[in-house]
Structures are given as C-alpha cells and as structure tokens.
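So this block is query20.csv, CSV, C-alpha atoms and all ligand atoms:
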chain,number,residue,atom,x,y,z
A,1,MET,CA,11.8,-20.6,1.4
A,2,SER,CA,14.9,-18.8,0.2
A,3,ALA,CA,17.1,-17.0,2.7
A,4,GLY,CA,16.0,-13.7,1.2
A,5,ALA,CA,12.2,-14.4,1.1
A,6,LEU,CA,10.1,-12.3,3.5
A,7,ALA,CA,7.2,-14.0,5.3
A,8,VAL,CA,4.7,-11.5,6.7
A,9,THR,CA,2.0,-13.1,8.9
A,10,THR,CA,-1.1,-11.2,10.0
A,11,ASP,CA,-4.6,-12.0,11.4
A,12,ASP,CA,-3.3,-13.7,14.6
A,13,GLY,CA,-1.1,-16.0,12.6
A,14,ARG,CA,-3.8,-17.2,10.2
A,15,ARG,CA,-2.5,-15.4,7.1
A,16,THR,CA,0.9,-15.3,5.5
A,17,LEU,CA,0.9,-12.5,2.9
A,18,ALA,CA,1.7,-13.5,-0.7
A,19,PRO,CA,4.5,-11.9,-2.5
A,20,PRO,CA,3.2,-9.5,-5.3
A,21,GLY,CA,2.4,-11.2,-8.6
A,22,ARG,CA,2.5,-14.8,-9.6
A,23,ARG,CA,5.7,-16.8,-9.6
A,24,ARG,CA,6.8,-19.6,-11.9
A,25,VAL,CA,7.8,-22.8,-10.0
A,26,THR,CA,9.0,-26.2,-11.2
A,27,VAL,CA,7.2,-29.5,-10.7
A,28,LEU,CA,9.4,-31.9,-8.9
A,29,ALA,CA,7.1,-34.9,-8.8
A,30,ARG,CA,3.5,-36.1,-9.5
A,31,GLN,CA,2.3,-39.0,-7.5
A,32,GLN,CA,-1.1,-40.8,-7.7
A,33,PHE,CA,-3.1,-41.7,-4.6
A,34,GLY,CA,-6.1,-43.5,-6.0
A,35,ALA,CA,-8.3,-40.9,-7.7
A,36,TYR,CA,-6.0,-38.0,-6.6
A,37,ALA,CA,-2.8,-36.6,-7.9
A,38,VAL,CA,-0.2,-34.9,-5.6
A,39,LEU,CA,2.0,-32.3,-7.3
A,40,ARG,CA,5.2,-31.5,-5.4
A,41,CYS,CA,6.9,-28.2,-6.6
A,42,ALA,CA,10.1,-26.4,-5.9
A,43,ASP,CA,9.2,-23.0,-4.5
A,44,PRO,CA,12.5,-21.5,-3.3
A,45,GLY,CA,11.1,-17.9,-3.2
A,46,GLY,CA,7.8,-18.5,-1.6
A,47,PRO,CA,6.9,-17.7,2.0
A,48,PRO,CA,5.6,-20.6,4.2
A,49,PRO,CA,1.8,-20.8,4.0
A,50,ARG,CA,-0.5,-21.2,7.0
A,51,PRO,CA,-2.7,-24.3,7.2
A,52,GLY,CA,-5.9,-23.6,5.3
A,53,GLN,CA,-4.4,-21.0,2.9
A,54,PHE,CA,-4.6,-21.6,-0.8
A,55,ALA,CA,-2.9,-20.6,-4.1
A,56,MET,CA,-4.2,-19.9,-7.6
A,57,LEU,CA,-2.5,-22.3,-10.0
A,58,ALA,CA,-2.1,-22.4,-13.8
A,59,THR,CA,0.2,-24.5,-15.9
A,60,ALA,CA,3.0,-22.5,-17.6
A,61,GLU,CA,2.3,-24.1,-20.9
A,62,ARG,CA,-1.1,-24.9,-22.6
A,63,TRP,CA,-3.3,-23.1,-20.2
A,64,GLY,CA,-6.1,-22.0,-22.5
A,65,GLY,CA,-6.1,-22.7,-26.2
A,66,GLY,CA,-7.1,-26.4,-25.8
A,67,ASP,CA,-10.5,-27.9,-26.6
A,68,GLY,CA,-13.0,-25.1,-26.2
A,69,GLU,CA,-10.1,-22.9,-25.1
A,70,ARG,CA,-10.7,-23.5,-21.4
A,71,PRO,CA,-9.4,-23.0,-18.8
A,72,PHE,CA,-8.8,-19.3,-19.1
A,73,LEU,CA,-8.5,-18.4,-15.4
A,74,PRO,CA,-6.2,-19.9,-12.8
A,75,ARG,CA,-7.8,-22.3,-10.3
A,76,ALA,CA,-7.8,-22.3,-6.5
A,77,PHE,CA,-6.0,-25.1,-4.6
A,78,SER,CA,-5.4,-25.6,-0.9
A,79,VAL,CA,-1.9,-26.1,0.2
A,80,LEU,CA,-1.6,-29.8,1.0
A,81,ARG,CA,1.8,-29.6,2.6
A,82,ALA,CA,4.7,-27.2,2.8
A,83,ARG,CA,8.4,-27.8,3.5
A,84,PRO,CA,11.2,-25.3,3.3
A,85,GLY,CA,11.4,-24.4,-0.4
A,86,GLU,CA,8.6,-26.9,-1.5
A,87,LEU,CA,4.9,-26.8,-1.8
A,88,GLU,CA,2.4,-29.7,-2.4
A,89,PHE,CA,-1.1,-29.6,-3.9
A,90,LEU,CA,-3.7,-32.3,-4.1
A,91,LEU,CA,-6.1,-32.5,-7.1
A,92,GLU,CA,-8.8,-34.5,-8.6
A,93,ASP,CA,-9.4,-34.3,-12.4
A,94,VAL,CA,-13.0,-32.8,-12.5
A,95,GLY,CA,-12.6,-30.4,-15.5
A,96,PRO,CA,-10.3,-28.7,-17.9
A,97,GLY,CA,-8.1,-27.0,-15.3
A,98,THR,CA,-7.5,-30.0,-13.0
A,99,ALA,CA,-7.1,-32.2,-16.1
A,100,ARG,CA,-4.2,-30.0,-17.3
A,101,LEU,CA,-2.6,-29.8,-13.8
A,102,ALA,CA,-2.9,-33.6,-13.5
A,103,GLU,CA,-0.8,-34.0,-16.7
A,104,LEU,CA,2.2,-32.1,-15.4
A,105,GLU,CA,5.5,-34.0,-15.3
A,106,PRO,CA,8.7,-33.3,-13.3
A,107,GLY,CA,10.5,-30.3,-14.9
A,108,ASP,CA,7.3,-28.7,-16.1
A,109,GLY,CA,6.5,-25.1,-15.1
A,110,LEU,CA,3.6,-24.0,-12.9
A,111,TRP,CA,2.3,-20.5,-12.1
A,112,VAL,CA,1.6,-20.0,-8.4
A,113,LEU,CA,-0.1,-17.0,-6.8
A,114,GLY,CA,-0.2,-17.3,-3.1
A,115,PRO,CA,-0.4,-18.1,-0.2
A,116,LEU,CA,-3.8,-16.5,-0.2
A,117,GLY,CA,-6.7,-16.1,2.3
A,118,ILE,CA,-7.0,-16.8,6.0
A,119,GLY,CA,-6.3,-20.3,7.3
A,120,PHE,CA,-7.2,-22.2,10.4
A,121,SER,CA,-6.5,-20.8,13.9
A,122,VAL,CA,-4.4,-23.1,16.0
A,123,ALA,CA,-3.9,-20.6,18.9
A,124,ALA,CA,-3.2,-22.3,22.2
A,125,SER,CA,-6.2,-20.5,23.7
A,126,GLU,CA,-8.5,-22.3,21.2
A,127,LEU,CA,-6.9,-25.7,21.8
A,128,ALA,CA,-6.6,-25.5,25.6
A,129,GLY,CA,-8.1,-28.6,27.1
A,130,ARG,CA,-9.5,-29.8,23.7
A,131,ARG,CA,-8.4,-32.4,21.2
A,132,ALA,CA,-8.4,-31.4,17.6
A,133,LEU,CA,-10.9,-33.4,15.4
A,134,LEU,CA,-10.0,-33.0,11.7
A,135,VAL,CA,-13.0,-33.8,9.5
A,136,GLY,CA,-12.4,-34.1,5.8
A,137,GLY,CA,-14.4,-35.1,2.7
A,138,GLY,CA,-13.0,-36.0,-0.7
A,139,VAL,CA,-10.4,-33.5,-2.0
A,140,GLY,CA,-11.2,-31.4,1.1
A,141,ILE,CA,-8.7,-33.5,3.0
A,142,ALA,CA,-5.9,-31.3,1.5
A,143,PRO,CA,-5.7,-28.5,4.0
A,144,LEU,CA,-6.1,-30.9,6.9
A,145,ALA,CA,-2.7,-32.6,6.0
A,146,ILE,CA,-0.7,-29.4,6.6
A,147,LEU,CA,-2.8,-28.7,9.6
A,148,GLN,CA,-2.2,-32.1,11.1
A,149,ASP,CA,1.6,-31.6,10.5
A,150,GLU,CA,1.5,-28.4,12.5
A,151,LEU,CA,-0.7,-29.8,15.3
A,152,VAL,CA,1.4,-32.9,15.7
A,153,ALA,CA,4.6,-30.8,15.7
A,154,SER,CA,3.2,-28.9,18.6
A,155,ASP,CA,2.2,-32.1,20.5
A,156,ALA,CA,-1.5,-31.4,20.3
A,157,ALA,CA,-3.9,-34.3,20.5
A,158,VAL,CA,-5.3,-34.9,17.0
A,159,THR,CA,-7.8,-37.3,15.4
A,160,ALA,CA,-8.4,-37.4,11.7
A,161,LEU,CA,-11.8,-38.5,10.3
A,162,LEU,CA,-12.0,-38.7,6.5
A,163,GLY,CA,-14.9,-39.5,4.2
A,164,PHE,CA,-14.8,-40.6,0.6
A,165,ARG,CA,-17.2,-41.9,-2.0
A,166,ASP,CA,-15.4,-45.2,-2.6
A,167,GLY,CA,-12.2,-47.2,-2.1
A,168,LEU,CA,-10.4,-45.5,-5.0
A,169,HIS,CA,-10.8,-42.1,-3.4
A,170,ALA,CA,-10.1,-43.5,0.1
A,171,ALA,CA,-6.5,-44.1,-1.1
A,172,GLY,CA,-6.1,-40.4,-0.4
A,173,ALA,CA,-6.3,-41.1,3.4
A,174,ALA,CA,-2.7,-42.2,3.2
A,175,LEU,CA,-1.8,-38.5,3.0
A,176,LEU,CA,-2.7,-38.0,6.7
A,177,ARG,CA,-1.5,-40.0,9.7
A,178,ASP,CA,-3.7,-42.6,11.4
A,179,ALA,CA,-6.9,-41.4,9.7
A,180,ARG,CA,-10.2,-43.2,10.3
A,181,ILE,CA,-12.1,-43.6,7.2
A,182,ALA,CA,-15.8,-43.7,6.1
A,183,THR,CA,-16.9,-44.5,2.5
A,184,ASP,CA,-20.3,-44.0,0.9
A,185,ASP,CA,-20.2,-47.5,-0.7
A,186,GLY,CA,-18.7,-49.3,2.3
A,187,SER,CA,-15.6,-50.4,0.3
A,188,ALA,CA,-13.2,-49.1,3.0
A,189,GLY,CA,-13.7,-48.3,6.7
A,190,HIS,CA,-17.1,-47.4,8.1
A,191,ALA,CA,-19.9,-47.8,5.6
A,192,GLY,CA,-21.6,-44.4,5.8
A,193,LEU,CA,-20.9,-40.7,6.3
A,194,VAL,CA,-17.8,-39.2,8.0
A,195,THR,CA,-20.3,-37.3,10.2
A,196,ASP,CA,-21.2,-40.7,11.7
A,197,LEU,CA,-17.6,-40.9,12.9
A,198,LEU,CA,-17.7,-37.4,14.2
A,199,THR,CA,-20.9,-38.0,16.1
A,200,ALA,CA,-19.3,-41.1,17.8
A,201,GLU,CA,-16.2,-39.1,18.7
A,202,LEU,CA,-18.3,-36.2,20.2
A,203,ASP,CA,-20.5,-38.7,22.1
A,204,ARG,CA,-17.4,-40.1,23.6
A,205,ASP,CA,-15.9,-36.8,24.6
A,206,GLN,CA,-17.1,-33.3,23.7
A,207,ALA,CA,-13.9,-31.5,24.8
A,208,ALA,CA,-12.9,-31.0,21.2
A,209,ILE,CA,-12.4,-28.4,18.5
A,210,VAL,CA,-13.4,-29.3,15.0
A,211,TYR,CA,-11.5,-28.3,11.8
A,212,ALA,CA,-13.4,-29.3,8.6
A,213,CYS,CA,-13.1,-29.1,4.9
A,214,GLY,CA,-15.2,-30.9,2.3
A,215,PRO,CA,-18.3,-30.6,0.2
A,216,PRO,CA,-21.0,-28.1,1.3
A,217,PRO,CA,-23.5,-30.7,2.6
A,218,MET,CA,-20.8,-32.3,4.7
A,219,LEU,CA,-19.7,-28.9,6.1
A,220,GLU,CA,-23.3,-28.0,6.9
A,221,ALA,CA,-23.8,-31.3,8.7
A,222,VAL,CA,-20.6,-30.6,10.7
A,223,ARG,CA,-21.7,-27.1,11.4
A,224,ALA,CA,-25.2,-28.2,12.7
A,225,LEU,CA,-23.7,-31.0,14.8
A,226,CYS,CA,-21.2,-28.8,16.5
A,227,ALA,CA,-23.7,-25.9,17.0
A,228,GLY,CA,-26.0,-28.3,18.7
A,229,ARG,CA,-23.3,-29.4,21.2
A,230,ALA,CA,-21.6,-26.0,21.6
A,231,VAL,CA,-18.4,-27.5,20.1
A,232,PRO,CA,-16.2,-24.8,18.4
A,233,ALA,CA,-15.6,-25.5,14.7
A,234,GLN,CA,-13.7,-23.9,11.9
A,235,LEU,CA,-14.9,-24.6,8.3
A,236,ALA,CA,-12.8,-24.3,5.1
A,237,LEU,CA,-15.4,-23.3,2.6
A,238,GLU,CA,-15.4,-23.2,-1.2
A,239,SER,CA,-16.8,-20.9,-3.8
A,240,GLY,CA,-16.0,-20.1,-7.4
A,241,MET,CA,-12.9,-17.9,-7.4
A,242,ALA,CA,-11.7,-15.9,-10.4
A,243,CYS,CA,-9.0,-13.8,-9.0
A,244,GLY,CA,-8.2,-15.1,-5.5
A,245,PHE,CA,-7.3,-11.7,-4.0
A,246,GLY,CA,-10.4,-9.6,-3.5
A,247,ALA,CA,-10.8,-7.9,-6.9
A,248,CYS,CA,-13.7,-9.7,-8.6
A,249,PHE,CA,-16.3,-10.3,-5.8
A,250,GLY,CA,-17.0,-13.6,-7.5
A,251,CYS,CA,-16.5,-15.6,-4.3
A,252,VAL,CA,-18.9,-13.8,-1.9
A,253,VAL,CA,-20.7,-15.9,0.7
A,254,PRO,CA,-23.3,-14.8,3.3
A,255,THR,CA,-22.5,-14.8,7.0
A,256,ARG,CA,-24.6,-13.6,9.9
A,257,SER,CA,-22.9,-10.2,9.6
A,258,GLY,CA,-23.3,-9.8,5.9
A,259,TYR,CA,-21.5,-11.0,2.7
A,260,VAL,CA,-17.7,-11.7,2.8
A,261,ARG,CA,-15.2,-12.4,0.1
A,262,LEU,CA,-14.1,-15.9,0.8
A,263,CYS,CA,-10.7,-15.4,-0.8
A,264,LEU,CA,-9.9,-12.6,1.6
A,265,ASP,CA,-12.0,-13.3,4.7
A,266,GLY,CA,-11.8,-17.1,4.3
A,267,PRO,CA,-11.7,-19.7,3.0
A,268,VAL,CA,-11.7,-20.7,6.7
A,269,LEU,CA,-14.5,-19.2,8.7
A,270,ASP,CA,-15.6,-19.8,12.3
A,271,ALA,CA,-18.7,-21.9,12.1
A,272,ASP,CA,-20.7,-19.7,14.4
A,273,ARG,CA,-20.4,-16.9,11.8
A,274,LEU,CA,-22.6,-18.9,9.5
A,275,GLU,CA,-26.3,-19.5,9.3
A,276,THR,CA,-25.5,-22.4,6.9
A,277,ALA,CA,-22.5,-23.8,5.2
A,278,LEU,CA,-24.5,-24.5,2.0
A,279,THR,CA,-22.9,-21.6,0.1
A,280,PRO,CA,-24.6,-20.5,-3.1
A,281,GLY,CA,-23.1,-21.9,-6.3
A,282,ALA,CA,-20.7,-24.3,-4.5
A,283,GLY,CA,-21.0,-28.0,-5.0
A,284,HIS,CA,-17.6,-29.3,-5.8
A,301,LIG,C1,-10.2,-22.1,-1.5
A,301,LIG,C2,-10.3,-23.3,-2.5
A,301,LIG,C3,-9.5,-24.4,-2.3
A,301,LIG,C4,-9.6,-25.5,-3.2
A,301,LIG,N1,-8.7,-26.5,-3.0
A,301,LIG,C5,-8.8,-27.6,-3.9
A,301,LIG,C6,-7.8,-28.7,-3.8
A,301,LIG,O1,-7.0,-28.7,-2.9
A,301,LIG,N2,-7.9,-29.7,-4.7
A,301,LIG,C7,-8.9,-29.6,-5.7
A,301,LIG,O2,-8.9,-30.6,-6.5
A,301,LIG,N3,-9.7,-28.6,-5.9
A,301,LIG,C8,-9.7,-27.6,-5.0
A,301,LIG,N4,-10.6,-26.6,-5.1
A,301,LIG,C9,-11.6,-26.6,-6.2
A,301,LIG,C10,-11.0,-26.3,-7.5
A,301,LIG,O3,-10.5,-24.9,-7.5
A,301,LIG,C11,-12.0,-26.4,-8.6
A,301,LIG,O4,-12.5,-27.8,-8.6
A,301,LIG,C12,-11.4,-26.1,-9.9
A,301,LIG,O5,-11.9,-24.8,-10.3
A,301,LIG,C13,-11.8,-27.1,-11.0
A,301,LIG,O6,-11.3,-26.5,-12.2
A,301,LIG,P1,-11.6,-27.3,-13.5
A,301,LIG,O7,-11.2,-26.4,-14.7
A,301,LIG,O8,-10.8,-28.6,-13.5
A,301,LIG,O9,-13.1,-27.7,-13.5
A,301,LIG,P2,-14.3,-26.7,-13.7
A,301,LIG,O10,-14.9,-26.9,-15.1
A,301,LIG,O11,-13.9,-25.3,-13.3
A,301,LIG,O12,-15.3,-27.2,-12.6
A,301,LIG,C14,-15.6,-28.6,-12.6
A,301,LIG,C15,-16.9,-28.7,-11.8
A,301,LIG,O13,-16.6,-28.3,-10.5
A,301,LIG,C16,-17.5,-27.2,-10.1
A,301,LIG,N5,-16.7,-26.3,-9.4
A,301,LIG,C17,-15.6,-25.5,-9.9
A,301,LIG,N6,-15.1,-24.8,-8.9
A,301,LIG,C18,-15.8,-25.0,-7.8
A,301,LIG,C19,-15.7,-24.5,-6.5
A,301,LIG,N7,-14.8,-23.6,-6.1
A,301,LIG,N8,-16.7,-24.9,-5.6
A,301,LIG,C20,-17.6,-25.8,-6.0
A,301,LIG,N9,-17.7,-26.3,-7.2
A,301,LIG,C21,-16.8,-25.9,-8.1
A,301,LIG,C22,-18.0,-26.7,-11.4
A,301,LIG,O14,-19.3,-26.1,-11.2
A,301,LIG,C23,-18.0,-27.9,-12.3
A,301,LIG,O15,-19.2,-28.6,-12.1
A,301,LIG,C24,-10.5,-25.5,-4.3
A,301,LIG,C25,-11.4,-24.4,-4.4
A,301,LIG,C26,-11.3,-23.3,-3.5
A,301,LIG,C27,-12.2,-22.1,-3.7
A,302,LIG,S1,-12.0,-14.6,-6.0
A,302,LIG,FE1,-12.1,-12.5,-6.7
A,302,LIG,S2,-12.8,-11.4,-5.0
A,302,LIG,FE2,-12.6,-13.4,-4.3
Could you render the structure from this file as structure tokens?
Ligand SMILES: Cc1cc2nc3c(=O)[nH]c(=O)nc-3n(C[C@H](O)[C@H](O)[C@H](O)COP(=O)(O)OP(=O)(O)OC[C@H]3O[C@@H](n4cnc5c(N)ncnc54)[C@H](O)[C@@H]3O)c2cc1C
Ligand code: FES
Amino acid sequence: MSAGALAVTTDDGRRTLAPPGRRRVTVLARQQFGAYAVLRCADPGGPPPRPGQFAMLATAERWGGGDGERPFLPRAFSVLRARPGELEFLLEDVGPGTARLAELEPGDGLWVLGPLGIGFSVAASELAGRRALLVGGGVGIAPLAILQDELVASDAAVTALLGFRDGLHAAGAALLRDARIATDDGSAGHAGLVTDLLTAELDRDQAAIVYACGPPPMLEAVRALCAGRAVPAQLALESGMACGFGACFGCVVPTRSGYVRLCLDGPVLDADRLETALTPGAGH
C-alpha cells in the first residue's frame, strides 16, 4: 500500500472498501504449485484486503478477441496473500479467463478491481476459547492462506485441513503452514474426503470455529456437520459473478432471510444463515 492510499474498513472489520475503478498492476512473478499457478503482483496503490475478500481480474492485453472471443468479462479471484504493496492470487486453468491469467509473465499488466465483498470474521469474541479449523477444497484453499497468516500473527490456535482430487493438486498445500491433506485418489495424505479429517478433529474437541472454502458439495457437508454439532462456521461461497460490485444481480444466492448478492453480502456467509450451501449454478 502506498503512503497515500486510503484503507476504509467497514462491517466489523470484514470489508476493506475498494478504490473506485479498476487499476492496472504489474505481475512480478508466476510460480507453479502442481496444478495451480500463483500470480504475485505489485499493487502500490491498493488498500490491504481482509481475508476472504476477492478481486475481479482481467489481463491488460489479449482479454477478449481470442478463440471465440472469450473471455469478455473479468473473473473473480480470492486474495491468496497480501503484503504491503503486493497481492497474490491462486488460479487453476479451467477455461478461457484462467488460461489467459495463467500465461502472464513478470512485467505483464493486470487489471484489478478490489478488494470486494465481505471476508471472514476473526473477532476475538468469535475465537474466544475456540481453535480455528480451516477447511479448504481445491482452489478454495486460496482465502484460507491469508486468513491463516492473520490468525497466526494474532497467536490464535489454527489447524488447516485441505482436500484435493490428486497428488498434482495437493502440491497446493505448500501454500499453507502445516496443512493436513486428504486426496480423493489417496495419492497424498488421507485417502478420502477432507470432511473425514474435520469429523476426526471435532470428535477430538468441539471447541472450534470452522472457516471453509471449496466446492459446493464440500461446503454443504461442512455446513451440515457443524450444524449438527452446534459448531460455528463461516463459508466462503461461489457463484457466477459478472460485475463483482452489486450491479448485475448475477450472483444472488438464497439464504434463510431471502436472496443476497454474494459479491456484496458475501462471499463469506455465516453457515447458520443458509438452508444449504449447494448454491444454484455453482459447481466450480
Ligand atoms: C468470490 C470468488 C472467488 C474465486 N476465487 C477463485 C480463486 O481464488 N482461484 C480460482 O482459480 N478461481 C476462483 N474463482 C472461480 C473463478 O472466478 C472462475 O473459475 C472463473 O470464472 C473461471 O473463468 P474461466 O474463463 O477460466 O472459465 P469459465 O469458462 O468461466 O468457467 C469454467 C468452468 O467453471 C464454471 N464456473 C465459472 N465460474 C464459476 C463460479 N463462480 N462458480 C462455480 N463454477 C464456475 C463454469 O460453469 C465452467 O464449467 C472464484 C469465484 C468467486 C465467485
Ligand atoms: S456480481 Fe454483479 S451483482 Fe454480484
């Protein structure tokens, strides 16, 4: 963050307001972690994001106009990590937008709009007497890395439980400290689901708060598990996002109190606000 940048934080510290308009930043490095790429960017004018917030990204060159002319719109990415004047994002190449972003080289330009949305709550009142269990699936580990950094810095007790489909994806676990791993094919760590690890942790000690991000079926399993044991949980959800700032209503998801725009009222929602985490249209 530059000396002149203004960071305005609202919603009990869960939201840093974005500066108006998108800003062009420069890619400093791209590093591969198995199936995932990490983009590190210089962001001298950007305010520090809260864990769980995201940004809308588009490459400065060749965004649109490629095969089939996609992608047109920017794409949403959780902040993986933030240091003064730098931002990091994690991505897996699953389509035209992520393919373009995964080709970026040091020196290339990137449009960033953010930080956007409401992130995780790490209020002392929520953590009091509880250890934090971070539960991530696939590329959903991204917002848990910045969250772990913040919790560790505040001396909170933290355990990271991460699930991946195979060993190639499990290489992403190196982005968090001391993570315990589950893989679907058993090629690394526990053979099975990350929720098996969560169940074992909660069987051992239920004085916990769960922070989770991953595919909808994983989030729904986490939600149901925590609801059944009265363990508080915060879930970082996904839905298709066209604008990222409340204008298009493309990202609405149902809650017990009606529909909310996930880009404004989320992406992190308290689990007890949800009947289900199986949001329509999401699937990653
Ligand atoms: C708040 C938020 C944070 C995100 N953080 C990350 C991140 O840190 N790293 C990362 O790699 N991706 C992240 N995503 C997902 C990413 O934005 C999409 O995968 C992206 O749109 C893919 O663009 P594409 O052009 O490569 O592929 P597309 O052609 O747009 O999509 C490829 C496939 O993914 C599905 N898809 C696209 N967007 C979504 C979505 N939002 N939810 C579920 N399925 C989707 C499509 O239906 C399609 O099957 C995040 C999404 C949200 C809403
Ligand atoms: S993405 Fe446009 S309103 Fe949420």
All residues having an atom within 7 Å of ligand LIG 301 (chain A) (only C-alpha atoms and all ligand atoms) as a ChimeraX atom specification: /A:54,71,75-80,89-99,139-140,142,237-241,263,267,281-284
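In this comparison, which uses only C-alpha atoms and all ligand atoms, the residue of A:Gly189, A:Gly258, A:Pro74, A:Pro115 approaching ligand LIG 302 (chain A) most closely is A:Pro74.
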Protein and nucleic residues near ligand LIG 302 (chain A), 10 Å, all atoms listed in the file, as an NGL selection string: :A and (56 or 75-76 or 117 or 239-253 or 260-267)
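Each of A:Gly52, A:Gly85, A:Gly192, A:Pro232 was compared to Gln206 in chain A using all atoms listed in the file, and A:Pro232 turns out to be the nearest.
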Contacts of range 29-40 of chain A within 9 Å, all atoms listed in the file, excl. fewer than 3 positions in-chain, as a compact mmCIF listing (two decimals) with C-alpha atoms, in the frame of the given file:
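Below you can see out-v7.txt, which holds the result:
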# COMPACT_ATOMS: atom_id res chain seq x y z
CA THR A 26 9.00 -26.20 -11.20
CA LEU A 80 -1.60 -29.80 1.00
CA ARG A 81 1.80 -29.60 2.60
CA GLU A 86 8.60 -26.90 -1.50
CA LEU A 87 4.90 -26.80 -1.80
CA GLU A 88 2.40 -29.70 -2.40
CA PHE A 89 -1.10 -29.60 -3.90
CA LEU A 90 -3.70 -32.30 -4.10
CA LEU A 91 -6.10 -32.50 -7.10
CA GLU A 92 -8.80 -34.50 -8.60
CA ASP A 93 -9.40 -34.30 -12.40
CA LEU A 101 -2.60 -29.80 -13.80
CA ALA A 102 -2.90 -33.60 -13.50
CA GLU A 103 -0.80 -34.00 -16.70
CA LEU A 104 2.20 -32.10 -15.40
CA GLU A 105 5.50 -34.00 -15.30
CA PRO A 106 8.70 -33.30 -13.30
CA GLY A 107 10.50 -30.30 -14.90
CA VAL A 139 -10.40 -33.50 -2.00
CA GLY A 167 -12.20 -47.20 -2.10
CA LEU A 168 -10.40 -45.50 -5.00
CA HIS A 169 -10.80 -42.10 -3.40
CA ALA A 170 -10.10 -43.50 0.10
CA ALA A 171 -6.50 -44.10 -1.10
CA GLY A 172 -6.10 -40.40 -0.40
CA ALA A 173 -6.30 -41.10 3.40
CA ALA A 174 -2.70 -42.20 3.20
CA LEU A 175 -1.80 -38.50 3.00
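Each of A:Ile118, A:Val158, A:Val27, A:Leu235 was checked against Arg130 in chain A using all atoms listed in the file; the smallest atom-to-atom distance is that of A:Val158.
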